[in-house]
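The structure appears right after this line, and notes come after that.
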Protein chains: 2
Amino acid sequence: MLSQAEENYLKEIYALGEETQKLVSTNSIAKKMRTKASSATDMLQKLANKGLVDYTKYKGARLSKKGETRAMVIVRKHRLWETFLVDKLGFSWDEVHDIAEQLEHIQSKTLTDRLDAFLEYPSHDPHGHPIPNTNGKIVASESIILAELKVDQEGIVVGVKDASDSFLKYLNKINITIGDTIKIVEIEPFDNSVTIDNNAQQITISGNVAKNLYIKS
Amino acid sequence: MLSQAEENYLKEIYALGEETQKLVSTNSIAKKMRTKASSATDMLQKLANKGLVDYTKYKGARLSKKGETRAMVIVRKHRLWETFLVDKLGFSWDEVHDIAEQLEHIQSKTLTDRLDAFLEYPSHDPHGHPIPNTNGKIVASESIILAELKVDQEGIVVGVKDASDSFLKYLNKINITIGDTIKIVEIEPFDNSVTIDNNAQQITISGNVAKNLYIKS
DNA sequence: CTTATTTTTTAGATTAGACTAAAAATATTT
DNA sequence: AAATATTTTTAGTCTAATCTAAAAAATAAG
Ligand SMILES: [Mn+2]
Ligand SMILES: [Mn+2]
Ligand SMILES: [Mn+2]
Ligand SMILES: [Mn+2]
């Protein structure tokens with residue numbers, strides 16, 4: 001059985017590896033875990049000993065097959081619990097992360113699968129992130145980022161890349177949420193900011209924001 | 001913030017203190033926690049330092065006011081989660097304890113209170129144990145134990161004192177569950193076994209079983 | 001009221017996970 | 001290519017929670 005610390009590391013190594021697809025550095029792990037590089041090194045050595053990561057000194061690490069399997073279970077639980085909190089208990093999408101961070105460590109496969117059934121097998125969590133099925137498989141979603149749309153194209157918001165509190169609260173403020181249909185009105189080449197039309201409201205969002213919204217067209 | 005270990009100790013000291021109402025011994029704590037007496041001593045010293053138990057060397061310990069407040073929160077969470085598992089996820093009453101043992105440590109008052117609301121403010125958990133309210137208060141229930149009933153008296157099963165797996169599974173087997181109306185047919189003075197009538201079925205239960213069933217008449 | 005038994009505490013060791021400071025390896029500049 | 005800067009690892013320390021073995025206190029027997 002893995003400790004909570006080990007599980008948290010596995011999950012973050014998975015998240016970091018997803019984006020870049022290459023080896024993740026000790027420093028990036030330490031940053032994500034809000035700890036020191038030396039602590040990350042210690043944990044990488046332990047996880048490597050357990051066969052959960054492939055790690056070469058000074059080069060970096062990636063999840064092994066076995067490690068990925070473990071990570072997917074944790075991601076699945078995290079996203080199912082977030083869905084429960086929003087759909088059943090009435091939390092908003094910017095309030096659930098920290099609680100799910102704890103709930104993801106509850107050990108009971110039966111519980112996870114029954115929760116899944118109770119929620120009627122959701123495919124995505126409240127942030128639009130896909131939920132791995134009971135075998136750890138994720139159904140590939142063919143969304144793109146808002147920043148890739150051209151003027152006059154439109155699409156539906158299906159998720160956020162950054163699910164931080166501050167970003168979600170900002171989206172609440174400017175009234176963007178999952179399911180919205182957004183049309184590109186103008187793109188400013190100078191700073192990549194984008195003027196969009198959403199619910200008959202025109203607003204301008206920064207290029208950074210546009211890069212953190214997943215769209216399906 | 002308390003560690004999971006500290007929380008588990010507090011909860012067990014509470015449970016032991018409830019029954020006897022007097023000081024609980026180091027050994028009894030160690031037994032409940034499935035650990036060694038020396039470990040229990042260490043923890044008692046730590047909890048005493050934090051003002052959570054009143055402890056005198058070689059004599060025993062009891063929860064302080066502050067400790068009891070903390071313990072009630074954990075008991076509340078444990079019983080609410082058990083109720084959730086049975087009422088919403090379809091677990092049976094003998095399957096929920098170990099999972100609730102983990103869930104009781106999730107830190108979020110909002111979550112606890114919303115779960116309570118979602119379950120429509122249950123007064124008792126699946127084993128008939130009272131659920132403390134959001135202020136940690138338990139509504140006193142005036143149940144008695146089955147062993148106190150006389151021949152021909154009847155009453156409704158409202159809870160179990162022993163909520164162990166084996167006892168619950170035994171009750172499943174002999175078809176006794178919460179809500180049943182039970183009538184005393186005969187009491188055998190030799191060994192205190194009791195013949196009862198339940199759902200038009202006559203069965204004989206041991207005195208030990210009779211002492212572990214709460215009845216309301 | 002001594003002696004023996006049981007219970008409880010202390011002393012010392014171990015493990016996981018974190019930290020700081022220093023050393024080693026790698027990457028970036030001149 | 002040498003010097004400098006950055007990243008990563010190692011060495012050593014710390015705390016929480018456990019354990020075993022031994023000492024101390026309390027309880028029970030003779
Ligand atoms: Mn976590
Ligand atoms: Mn999420
Ligand atoms: Mn517990
Ligand atoms: Mn219970």
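Chain labels run A, B, ... following the order of the structure tokens; each chain numbers its residues from 1, and ligands are numbered from 1 in the order shown.
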
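Taking only C-alpha atoms (C1' of nucleotides), the non-local environment of DT9 (chain C) within 10 Å (same-chain residues fewer than 3 positions away omitted) comprises B:Ala37, B:Ser38, B:Thr41, B:Asp42, B:Lys57, B:Tyr58, D:DA23, D:DA24, D:DA25.
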
>> Could you tell me which residues of chain C sit within 10 Å of chain A when counting only C-alpha atoms (C1' of nucleotides), and give me the result as a PyMOL selection string?
In response: chain C and resi 16-20+25-26

Please produce a file of those selected residues containing C-alpha atoms (C1' of nucleotides), as a PDB file, in the first residue's frame.
ATOM      1  C1'  DA C  16       8.896   7.898   6.687  1.00  0.00           C
ATOM      2  C1'  DG C  17       9.055  12.330   5.220  1.00  0.00           C
ATOM      3  C1'  DA C  18      10.566  16.633   5.569  1.00  0.00           C
ATOM      4  C1'  DC C  19      14.488  20.257   6.060  1.00  0.00           C
ATOM      5  C1'  DT C  20      19.387  22.820   5.570  1.00  0.00           C
ATOM      6  C1'  DA C  25      26.879  17.228 -11.983  1.00  0.00           C
ATOM      7  C1'  DT C  26      25.008  19.779 -15.740  1.00  0.00           C
TER       8       DT C  26
END

>> Using DSSP secondary structure from the backbone, list all strand (DSSP E) positions within region 11-213 of chain A, as an MDAnalysis selection string.
In response: chainID A and resid 53:56 60:63 144:145 154:160 181:187 194:198 201:205 213

Take the selection from the previous step and output its residues with C-alpha atoms, as an mmCIF file, in the first residue's frame.
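Result file out_36.cif:
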data_model
loop_
_atom_site.group_PDB
_atom_site.id
_atom_site.type_symbol
_atom_site.label_atom_id
_atom_site.label_comp_id
_atom_site.auth_asym_id
_atom_site.auth_seq_id
_atom_site.Cartn_x
_atom_site.Cartn_y
_atom_site.Cartn_z
ATOM 1 C CA VAL A 53 9.000 5.452 -11.786
ATOM 2 C CA ASP A 54 11.880 5.142 -14.202
ATOM 3 C CA TYR A 55 14.468 7.493 -12.870
ATOM 4 C CA THR A 56 18.000 8.341 -13.817
ATOM 5 C CA GLY A 60 14.741 13.094 -14.594
ATOM 6 C CA ALA A 61 11.894 10.647 -14.130
ATOM 7 C CA ARG A 62 8.758 9.319 -15.739
ATOM 8 C CA LEU A 63 6.081 6.948 -14.525
ATOM 9 C CA ILE A 144 -8.756 22.286 -28.805
ATOM 10 C CA ILE A 145 -7.809 25.441 -26.952
ATOM 11 C CA GLU A 154 -17.327 29.443 -32.620
ATOM 12 C CA GLY A 155 -17.177 26.571 -30.138
ATOM 13 C CA ILE A 156 -18.437 25.254 -26.869
ATOM 14 C CA VAL A 157 -16.413 25.527 -23.674
ATOM 15 C CA VAL A 158 -15.786 21.961 -22.513
ATOM 16 C CA GLY A 159 -13.107 22.405 -19.900
ATOM 17 C CA VAL A 160 -10.297 24.415 -18.331
ATOM 18 C CA THR A 181 -21.015 28.782 -26.804
ATOM 19 C CA ILE A 182 -18.336 31.301 -27.599
ATOM 20 C CA LYS A 183 -17.718 33.142 -30.853
ATOM 21 C CA ILE A 184 -14.450 34.880 -31.709
ATOM 22 C CA VAL A 185 -15.027 38.531 -32.539
ATOM 23 C CA GLU A 186 -11.478 39.812 -32.792
ATOM 24 C CA ILE A 187 -7.916 38.746 -32.103
ATOM 25 C CA VAL A 194 -9.206 37.850 -27.813
ATOM 26 C CA THR A 195 -12.561 39.559 -27.923
ATOM 27 C CA ILE A 196 -15.331 37.033 -27.701
ATOM 28 C CA ASP A 197 -19.074 36.928 -27.771
ATOM 29 C CA ASN A 198 -20.706 34.847 -25.067
ATOM 30 C CA GLN A 201 -22.047 39.765 -24.133
ATOM 31 C CA GLN A 202 -18.804 40.977 -25.660
ATOM 32 C CA ILE A 203 -15.715 40.707 -23.507
ATOM 33 C CA THR A 204 -11.994 40.698 -24.068
ATOM 34 C CA ILE A 205 -9.824 38.031 -22.495
ATOM 35 C CA LEU A 213 -9.970 27.150 -22.130
#

> Could you pull out all residues of region 57-142 of chain B with a DSSP call of alpha helix (DSSP H) and give them as a PyMOL selection string?
Replying inline: chain B and resi 65-87+97-103+109-118

>> Please check the contacts: residues of chain A at most 9 Å away from chain B, using only C-alpha atoms, listed as number ranges by chain.
In response: A: 85, 88-91, 99, 102-103, 105-108, 111, 114-115, 117-118

> Nearest to chain D among A:Asn8, A:Asn27, A:Asp180, A:Glu18, with distances taken over only C-alpha atoms (C1' of nucleotides): which residue is it?
Replying inline: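 Nearest to chain D: A:Asn27.
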
> When the cut-off is 10 Å and we count only C-alpha atoms (C1' of nucleotides), which residues of chain D are near chain B, given as a ChimeraX atom specification?
Replying inline: /D:16-20,25-26

Just the selected residues (C-alpha atoms (C1' of nucleotides)), exported as a short mmCIF file (atom, residue, chain, number, x, y, z; two decimals), in the first residue's frame, please.
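Now in part.cif:
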data_model
loop_
_atom_site.label_atom_id
_atom_site.label_comp_id
_atom_site.auth_asym_id
_atom_site.auth_seq_id
_atom_site.Cartn_x
_atom_site.Cartn_y
_atom_site.Cartn_z
"C1'" DA D 16 5.78 11.67 14.55
"C1'" DA D 17 4.57 7.20 15.42
"C1'" DT D 18 5.70 2.93 16.22
"C1'" DC D 19 8.42 -1.07 18.50
"C1'" DT D 20 11.31 -3.99 22.19
"C1'" DA D 25 4.64 1.59 40.21
"C1'" DA D 26 0.36 -0.53 41.51
#

>> Using only C-alpha atoms (C1' of nucleotides) and all ligand atoms, which residues of the polymer chains come no farther than 7 Å from ligand 2? I'd like the answer as a list in words.
In response: Arg79, Glu82, His97, Asp125, Pro126, His127, His129 and Ala163 of chain A

Same residues, N, CA, C and O atoms, output as a compact mmCIF listing (two decimals), in the first residue's frame:
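The resulting file, part01.txt, is shown below:
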# COMPACT_ATOMS: atom_id res chain seq x y z
N ARG A 79 -11.29 12.95 -9.46
CA ARG A 79 -12.29 13.55 -10.35
C ARG A 79 -13.71 13.09 -10.03
O ARG A 79 -14.67 13.86 -10.14
N GLU A 82 -14.72 15.09 -6.98
CA GLU A 82 -15.05 16.47 -7.36
C GLU A 82 -16.44 16.53 -7.97
O GLU A 82 -17.22 17.44 -7.69
N HIS A 97 -11.34 21.44 -5.07
CA HIS A 97 -10.05 20.79 -5.25
C HIS A 97 -9.41 20.28 -3.96
O HIS A 97 -8.97 19.14 -3.87
N ASP A 125 -15.08 15.62 -15.10
CA ASP A 125 -15.27 16.25 -13.79
C ASP A 125 -15.75 17.70 -13.99
O ASP A 125 -15.94 18.14 -15.12
N PRO A 126 -15.97 18.42 -12.90
CA PRO A 126 -16.54 19.78 -13.03
C PRO A 126 -15.65 20.76 -13.80
O PRO A 126 -16.11 21.82 -14.21
N HIS A 127 -14.37 20.41 -13.98
CA HIS A 127 -13.48 21.29 -14.73
C HIS A 127 -13.31 20.83 -16.17
O HIS A 127 -12.48 21.34 -16.91
N HIS A 129 -12.32 17.86 -17.07
CA HIS A 129 -11.25 16.88 -17.21
C HIS A 129 -11.82 15.47 -17.26
O HIS A 129 -12.72 15.15 -16.49
N ALA A 163 -6.95 24.72 -13.51
CA ALA A 163 -8.14 24.60 -12.64
C ALA A 163 -7.87 25.25 -11.29
O ALA A 163 -8.45 24.87 -10.28

> Distance CA of Lys66 (chain A)-CA of Leu52 (chain A), one decimal place?
Replying inline: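 It comes out at 5.7 Å.
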
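Rounded to one decimal, CA of Gly136 (chain A) and CA of Lys11 (chain A) lie 13.2 Å from each other.
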
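Counting only C-alpha atoms and all ligand atoms and comparing B:His78, B:Lys150, B:Arg70, B:Lys22, the residue that lies closest to ligand 3 is B:His78.
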
> Looking at B:Gln21, B:Asn199, B:Asn192, B:Ser123, which one is nearest to Lys211 (chain B), with distances taken over only C-alpha atoms?
Replying inline: B:Asn192

Within 6 Å of region 166-171 of chain A using only C-alpha atoms (C1' of nucleotides), minus same-chain residues under 4 positions, as an mmCIF file with N, CA and C atoms, in the first residue's frame:
data_model
loop_
_atom_site.group_PDB
_atom_site.id
_atom_site.type_symbol
_atom_site.label_atom_id
_atom_site.label_comp_id
_atom_site.auth_asym_id
_atom_site.auth_seq_id
_atom_site.Cartn_x
_atom_site.Cartn_y
_atom_site.Cartn_z
ATOM 1 N N ASP A 94 -14.924 25.956 -7.994
ATOM 2 C CA ASP A 94 -13.691 26.501 -7.433
ATOM 3 C C ASP A 94 -13.512 26.133 -5.959
ATOM 4 N N ASN A 175 -18.377 35.441 -16.172
ATOM 5 C CA ASN A 175 -19.526 34.673 -16.632
ATOM 6 C C ASN A 175 -19.243 33.658 -17.728
ATOM 7 N N ILE A 176 -18.112 33.000 -17.610
ATOM 8 C CA ILE A 176 -17.829 31.906 -18.543
ATOM 9 C C ILE A 176 -17.901 30.595 -17.771
#
